[in-house]
file start-v1.txt (compact mmCIF, N, CA and C atoms)
# COMPACT_ATOMS: atom_id res chain seq x y z
N MET R 229 -2.14 2.19 1.01
CA MET R 229 -3.55 2.06 0.70
C MET R 229 -3.72 1.51 -0.70
N SER R 230 -4.57 0.56 -0.79
CA SER R 230 -4.85 -0.10 -2.06
C SER R 230 -6.35 0.00 -2.34
N TRP R 231 -6.74 0.95 -3.17
CA TRP R 231 -8.16 1.18 -3.46
C TRP R 231 -8.61 0.34 -4.64
N HIS R 232 -9.77 -0.30 -4.48
CA HIS R 232 -10.38 -1.13 -5.51
C HIS R 232 -11.78 -0.60 -5.81
N GLN R 233 -12.32 -0.97 -6.96
CA GLN R 233 -13.67 -0.56 -7.33
C GLN R 233 -14.57 -1.79 -7.42
N ILE R 234 -15.84 -1.58 -7.09
CA ILE R 234 -16.80 -2.68 -7.13
C ILE R 234 -18.18 -2.11 -7.48
N TYR R 235 -18.93 -2.90 -8.23
CA TYR R 235 -20.31 -2.53 -8.57
C TYR R 235 -21.22 -3.24 -7.57
N ILE R 236 -21.90 -2.47 -6.76
CA ILE R 236 -22.62 -3.00 -5.61
C ILE R 236 -23.78 -3.93 -5.99
N LYS R 237 -24.43 -3.70 -7.11
CA LYS R 237 -25.59 -4.51 -7.47
C LYS R 237 -25.22 -5.90 -7.99
N ASP R 238 -24.00 -6.08 -8.47
CA ASP R 238 -23.55 -7.39 -8.95
C ASP R 238 -22.83 -8.20 -7.88
N MET R 239 -22.71 -7.65 -6.71
CA MET R 239 -21.94 -8.29 -5.66
C MET R 239 -22.74 -9.40 -4.99
N ARG R 240 -22.22 -10.59 -4.97
CA ARG R 240 -22.87 -11.70 -4.28
C ARG R 240 -22.21 -11.95 -2.92
N ARG R 241 -20.91 -12.08 -2.93
CA ARG R 241 -20.14 -12.17 -1.69
C ARG R 241 -19.18 -11.00 -1.71
N GLY R 242 -19.50 -9.99 -0.97
CA GLY R 242 -18.73 -8.75 -1.03
C GLY R 242 -17.47 -8.78 -0.20
N CYS R 243 -16.88 -7.64 -0.06
CA CYS R 243 -15.66 -7.49 0.71
C CYS R 243 -16.01 -6.95 2.10
N CYS R 244 -15.14 -7.17 3.04
CA CYS R 244 -15.39 -6.76 4.43
C CYS R 244 -15.64 -5.27 4.56
N ALA R 245 -14.98 -4.46 3.77
CA ALA R 245 -15.14 -3.01 3.88
C ALA R 245 -16.57 -2.57 3.61
N LEU R 246 -17.34 -3.35 2.88
CA LEU R 246 -18.73 -3.02 2.57
C LEU R 246 -19.73 -3.80 3.42
N CYS R 247 -19.25 -4.52 4.40
CA CYS R 247 -20.12 -5.35 5.24
C CYS R 247 -20.56 -4.56 6.48
N ARG R 248 -21.81 -4.76 6.89
CA ARG R 248 -22.31 -4.05 8.06
C ARG R 248 -21.68 -4.52 9.36
N TRP R 249 -21.06 -5.66 9.39
CA TRP R 249 -20.44 -6.20 10.61
C TRP R 249 -18.98 -5.74 10.78
N TRP R 250 -18.41 -5.13 9.76
CA TRP R 250 -17.02 -4.68 9.81
C TRP R 250 -17.00 -3.33 10.50
N TYR R 251 -16.27 -3.20 11.61
CA TYR R 251 -16.34 -2.01 12.46
C TYR R 251 -15.54 -0.85 11.85
N ASP R 252 -16.26 0.04 11.20
CA ASP R 252 -15.71 1.26 10.62
C ASP R 252 -16.81 2.32 10.70
N PRO R 253 -17.06 2.87 11.92
CA PRO R 253 -18.20 3.77 12.09
C PRO R 253 -18.15 5.02 11.22
N ALA R 254 -16.98 5.49 10.85
CA ALA R 254 -16.87 6.69 10.00
C ALA R 254 -16.90 6.34 8.52
N ASN R 255 -16.94 5.05 8.19
CA ASN R 255 -16.90 4.58 6.79
C ASN R 255 -15.72 5.17 6.03
N SER R 256 -14.57 5.21 6.69
CA SER R 256 -13.38 5.80 6.09
C SER R 256 -12.74 4.90 5.04
N ALA R 257 -13.13 3.65 4.97
CA ALA R 257 -12.54 2.71 4.02
C ALA R 257 -13.34 2.62 2.72
N ILE R 258 -14.48 3.30 2.64
CA ILE R 258 -15.29 3.26 1.42
C ILE R 258 -15.64 4.68 0.97
N LYS R 259 -15.86 4.81 -0.33
CA LYS R 259 -16.34 6.09 -0.87
C LYS R 259 -17.06 5.83 -2.19
N PRO R 260 -18.12 6.57 -2.43
CA PRO R 260 -18.87 6.39 -3.68
C PRO R 260 -18.10 6.96 -4.86
N ILE R 261 -18.28 6.35 -6.01
CA ILE R 261 -17.70 6.84 -7.25
C ILE R 261 -18.85 7.33 -8.11
N SER R 262 -18.62 8.36 -8.88
CA SER R 262 -19.69 8.87 -9.74
C SER R 262 -20.19 7.75 -10.63
N GLY R 263 -21.46 7.66 -10.74
CA GLY R 263 -22.08 6.54 -11.45
C GLY R 263 -22.87 5.73 -10.45
N ASN R 264 -24.06 5.43 -10.76
CA ASN R 264 -24.94 4.77 -9.82
C ASN R 264 -24.50 3.35 -9.49
N GLY R 265 -24.19 3.10 -8.24
CA GLY R 265 -23.86 1.75 -7.78
C GLY R 265 -22.38 1.42 -7.71
N TRP R 266 -21.50 2.30 -8.13
CA TRP R 266 -20.07 2.04 -8.08
C TRP R 266 -19.47 2.59 -6.80
N TRP R 267 -18.66 1.77 -6.12
CA TRP R 267 -18.01 2.17 -4.88
C TRP R 267 -16.53 1.81 -4.94
N SER R 268 -15.74 2.55 -4.21
CA SER R 268 -14.32 2.29 -4.08
C SER R 268 -14.05 1.95 -2.62
N TYR R 269 -13.16 0.99 -2.36
CA TYR R 269 -12.86 0.60 -0.99
C TYR R 269 -11.36 0.35 -0.82
N ASP R 270 -10.89 0.57 0.39
CA ASP R 270 -9.49 0.37 0.73
C ASP R 270 -9.31 -1.09 1.15
N GLY R 271 -8.61 -1.85 0.33
CA GLY R 271 -8.42 -3.27 0.60
C GLY R 271 -7.39 -3.57 1.66
N ASP R 272 -6.57 -2.60 2.04
CA ASP R 272 -5.52 -2.83 3.03
C ASP R 272 -5.89 -2.41 4.45
N LYS R 273 -6.92 -1.61 4.60
CA LYS R 273 -7.30 -1.16 5.94
C LYS R 273 -7.82 -2.32 6.76
N LYS R 274 -7.44 -2.37 8.03
CA LYS R 274 -7.89 -3.44 8.93
C LYS R 274 -8.88 -2.89 9.94
N ALA R 275 -9.86 -3.72 10.27
CA ALA R 275 -10.84 -3.39 11.30
C ALA R 275 -11.38 -4.69 11.88
N ARG R 276 -12.09 -4.59 12.97
CA ARG R 276 -12.63 -5.79 13.62
C ARG R 276 -13.99 -6.18 13.03
N CYS R 277 -14.22 -7.47 12.96
CA CYS R 277 -15.50 -8.00 12.52
C CYS R 277 -16.34 -8.30 13.76
N MET R 278 -17.50 -7.66 13.86
CA MET R 278 -18.35 -7.84 15.03
C MET R 278 -19.15 -9.15 14.99
N LYS R 279 -19.23 -9.76 13.83
CA LYS R 279 -19.97 -11.02 13.68
C LYS R 279 -19.10 -12.22 14.07
N THR R 280 -17.81 -12.15 13.77
CA THR R 280 -16.91 -13.28 14.05
C THR R 280 -16.07 -13.00 15.30
N LEU R 281 -16.69 -12.49 16.31
CA LEU R 281 -16.08 -12.28 17.62
C LEU R 281 -14.87 -11.35 17.60
N GLY R 282 -14.92 -10.34 16.77
CA GLY R 282 -13.91 -9.30 16.81
C GLY R 282 -12.58 -9.61 16.16
N ILE R 283 -12.52 -10.60 15.29
CA ILE R 283 -11.29 -10.90 14.58
C ILE R 283 -10.98 -9.77 13.62
N SER R 284 -9.75 -9.28 13.64
CA SER R 284 -9.36 -8.18 12.77
C SER R 284 -9.12 -8.70 11.35
N THR R 285 -9.76 -8.07 10.36
CA THR R 285 -9.62 -8.49 8.98
C THR R 285 -9.31 -7.30 8.08
N LYS R 286 -8.79 -7.57 6.90
CA LYS R 286 -8.56 -6.53 5.91
C LYS R 286 -9.86 -6.25 5.16
N GLY R 287 -9.93 -5.08 4.55
CA GLY R 287 -11.13 -4.67 3.84
C GLY R 287 -11.43 -5.49 2.61
N CYS R 288 -10.43 -6.17 2.05
CA CYS R 288 -10.65 -6.94 0.83
C CYS R 288 -11.08 -8.37 1.10
N ASN R 289 -11.09 -8.81 2.36
CA ASN R 289 -11.52 -10.17 2.68
C ASN R 289 -13.03 -10.29 2.53
N SER R 290 -13.51 -11.53 2.46
CA SER R 290 -14.95 -11.78 2.44
C SER R 290 -15.24 -13.09 3.14
N CYS R 291 -16.48 -13.25 3.58
CA CYS R 291 -16.87 -14.50 4.25
C CYS R 291 -18.35 -14.76 4.00
N ASN R 292 -18.87 -15.83 4.55
CA ASN R 292 -20.27 -16.18 4.31
C ASN R 292 -21.23 -15.41 5.24
N GLN R 293 -20.72 -14.57 6.14
CA GLN R 293 -21.55 -13.76 7.03
C GLN R 293 -21.82 -12.38 6.45
N PHE R 294 -21.43 -12.14 5.19
CA PHE R 294 -21.52 -10.81 4.59
C PHE R 294 -22.95 -10.30 4.50
N GLU R 295 -23.15 -9.04 4.95
CA GLU R 295 -24.40 -8.30 4.77
C GLU R 295 -24.01 -6.89 4.35
N CYS R 296 -24.49 -6.47 3.20
CA CYS R 296 -24.10 -5.18 2.64
C CYS R 296 -24.66 -4.03 3.48
N LYS R 297 -23.81 -3.06 3.82
CA LYS R 297 -24.26 -1.92 4.61
C LYS R 297 -24.70 -0.74 3.74
N ILE R 298 -24.58 -0.88 2.44
CA ILE R 298 -24.98 0.18 1.53
C ILE R 298 -26.34 -0.16 0.92
N PRO R 299 -27.33 0.69 1.12
CA PRO R 299 -28.65 0.41 0.52
C PRO R 299 -28.62 0.63 -0.99
N TYR R 300 -29.21 -0.28 -1.72
CA TYR R 300 -29.30 -0.12 -3.18
C TYR R 300 -30.63 -0.56 -3.71

call {"tool": "encode", "arguments": {"input": "start-v1.txt", "output": "structure tokens"}}
result
Amino acid sequence: MSWHQIYIKDMRRGCCALCRWWYDPANSAIKPISGNGWWSYDGDKKARCMKTLGISTKGCNSCNQFECKIPY
């Protein structure tokens, strides 16, 4: 597991782990960090992308279909 940190409000093209199309119903690849807007995500975890026809991707990947699943 390779955990990374990201500030959600500065994110323009985020990572798959924070995308609403990345299939992780339990949100096991992300966790909030103390401090408003900071999140940690597992860059090595793989899951399917529901937007790109189910292609399995790592949590650290990003694409132009990104939509943030975390409200801010």

call {"tool": "atom_distance", "arguments": {"input": "start-v1.txt", "atom1": "CA of Cys277 (chain R)", "atom2": "CA of Trp250 (chain R)"}}
result
4.5 Å

call {"tool": "atom_distance", "arguments": {"input": "start-v1.txt", "atom1": "atom C of Lys273 (chain R)", "atom2": "CA of Gln233 (chain R)"}}
result
15.4 Å

call {"tool": "axis_aligned_box", "arguments": {"input": "start-v1.txt", "around": "region 265-276 of chain R", "padding_each_side": "8 Å", "output": "lines of an AutoDock Vina configuration file"}}
result
center_x = -14.9
center_y = -1.5
center_z = 2.7
size_x = 34.7
size_y = 25.3
size_z = 37.9

call {"tool": "residues_around", "arguments": {"input": "start-v1.txt", "residues": "Lys297 (chain R)", "least_positions_apart": "3", "cutoff": "8 Å", "atoms": "all atoms listed in the file", "output": "NGL selection string"}}
result
:R and (245-249 or 294 or 300)

call {"tool": "closest_residue", "arguments": {"input": "start-v1.txt", "among": "R:Gln293, R:Gly265, R:Ile283, R:Cys288", "to": "Asp238 (chain R)", "atoms": "all atoms listed in the file"}}
result
R:Gly265

call {"tool": "closest_residue", "arguments": {"input": "start-v1.txt", "among": "R:Asp270, R:Arg241, R:Met278, R:Pro299", "to": "Asn255 (chain R)", "atoms": "only C-alpha atoms"}}
result
R:Asp270

call {"tool": "atom_distance", "arguments": {"input": "start-v1.txt", "atom1": "CA of His232 (chain R)", "atom2": "CA of Asn292 (chain R)"}}
result
20.5 Å

call {"tool": "residues_near_point", "arguments": {"input": "start-v1.txt", "point": "(-16.1, 2.3, 0.5)", "cutoff": "6 Å", "atoms": "only C-alpha atoms", "output": "VMD selection string"}}
result
chain R and resid 257 to 259 267 to 269

call {"tool": "closest_residue", "arguments": {"input": "start-v1.txt", "among": "R:Ser284, R:Asn264, R:Ser290, R:Ser230", "to": "Gly242 (chain R)", "atoms": "all atoms listed in the file"}}
result
R:Ser290

call {"tool": "select_by_dssp", "arguments": {"input": "start-v1.txt", "residues": "region 260-294 of chain R", "states": "strand (DSSP E)", "output": "compact mmCIF listing (two decimals) with N, CA and C atoms, in the coordinates of the input"}}
result
# COMPACT_ATOMS: atom_id res chain seq x y z
N PRO R 260 -18.12 6.57 -2.43
CA PRO R 260 -18.87 6.39 -3.68
C PRO R 260 -18.10 6.96 -4.86
N TRP R 266 -21.50 2.30 -8.13
CA TRP R 266 -20.07 2.04 -8.08
C TRP R 266 -19.47 2.59 -6.80
N TRP R 267 -18.66 1.77 -6.12
CA TRP R 267 -18.01 2.17 -4.88
C TRP R 267 -16.53 1.81 -4.94
N SER R 268 -15.74 2.55 -4.21
CA SER R 268 -14.32 2.29 -4.08
C SER R 268 -14.05 1.95 -2.62
N TYR R 269 -13.16 0.99 -2.36
CA TYR R 269 -12.86 0.60 -0.99
C TYR R 269 -11.36 0.35 -0.82
N ASP R 270 -10.89 0.57 0.39
CA ASP R 270 -9.49 0.37 0.73
C ASP R 270 -9.31 -1.09 1.15
N LYS R 274 -7.44 -2.37 8.03
CA LYS R 274 -7.89 -3.44 8.93
C LYS R 274 -8.88 -2.89 9.94
N ALA R 275 -9.86 -3.72 10.27
CA ALA R 275 -10.84 -3.39 11.30
C ALA R 275 -11.38 -4.69 11.88
N ARG R 276 -12.09 -4.59 12.97
CA ARG R 276 -12.63 -5.79 13.62
C ARG R 276 -13.99 -6.18 13.03
N SER R 284 -9.75 -9.28 13.64
CA SER R 284 -9.36 -8.18 12.77
C SER R 284 -9.12 -8.70 11.35
N THR R 285 -9.76 -8.07 10.36
CA THR R 285 -9.62 -8.49 8.98
C THR R 285 -9.31 -7.30 8.08
N LYS R 286 -8.79 -7.57 6.90
CA LYS R 286 -8.56 -6.53 5.91
C LYS R 286 -9.86 -6.25 5.16

call {"tool": "closest_residue", "arguments": {"input": "start-v1.txt", "among": "R:Trp266, R:Leu281, R:Pro253, R:Pro260", "to": "Lys237 (chain R)", "atoms": "all atoms listed in the file"}}
result
R:Trp266
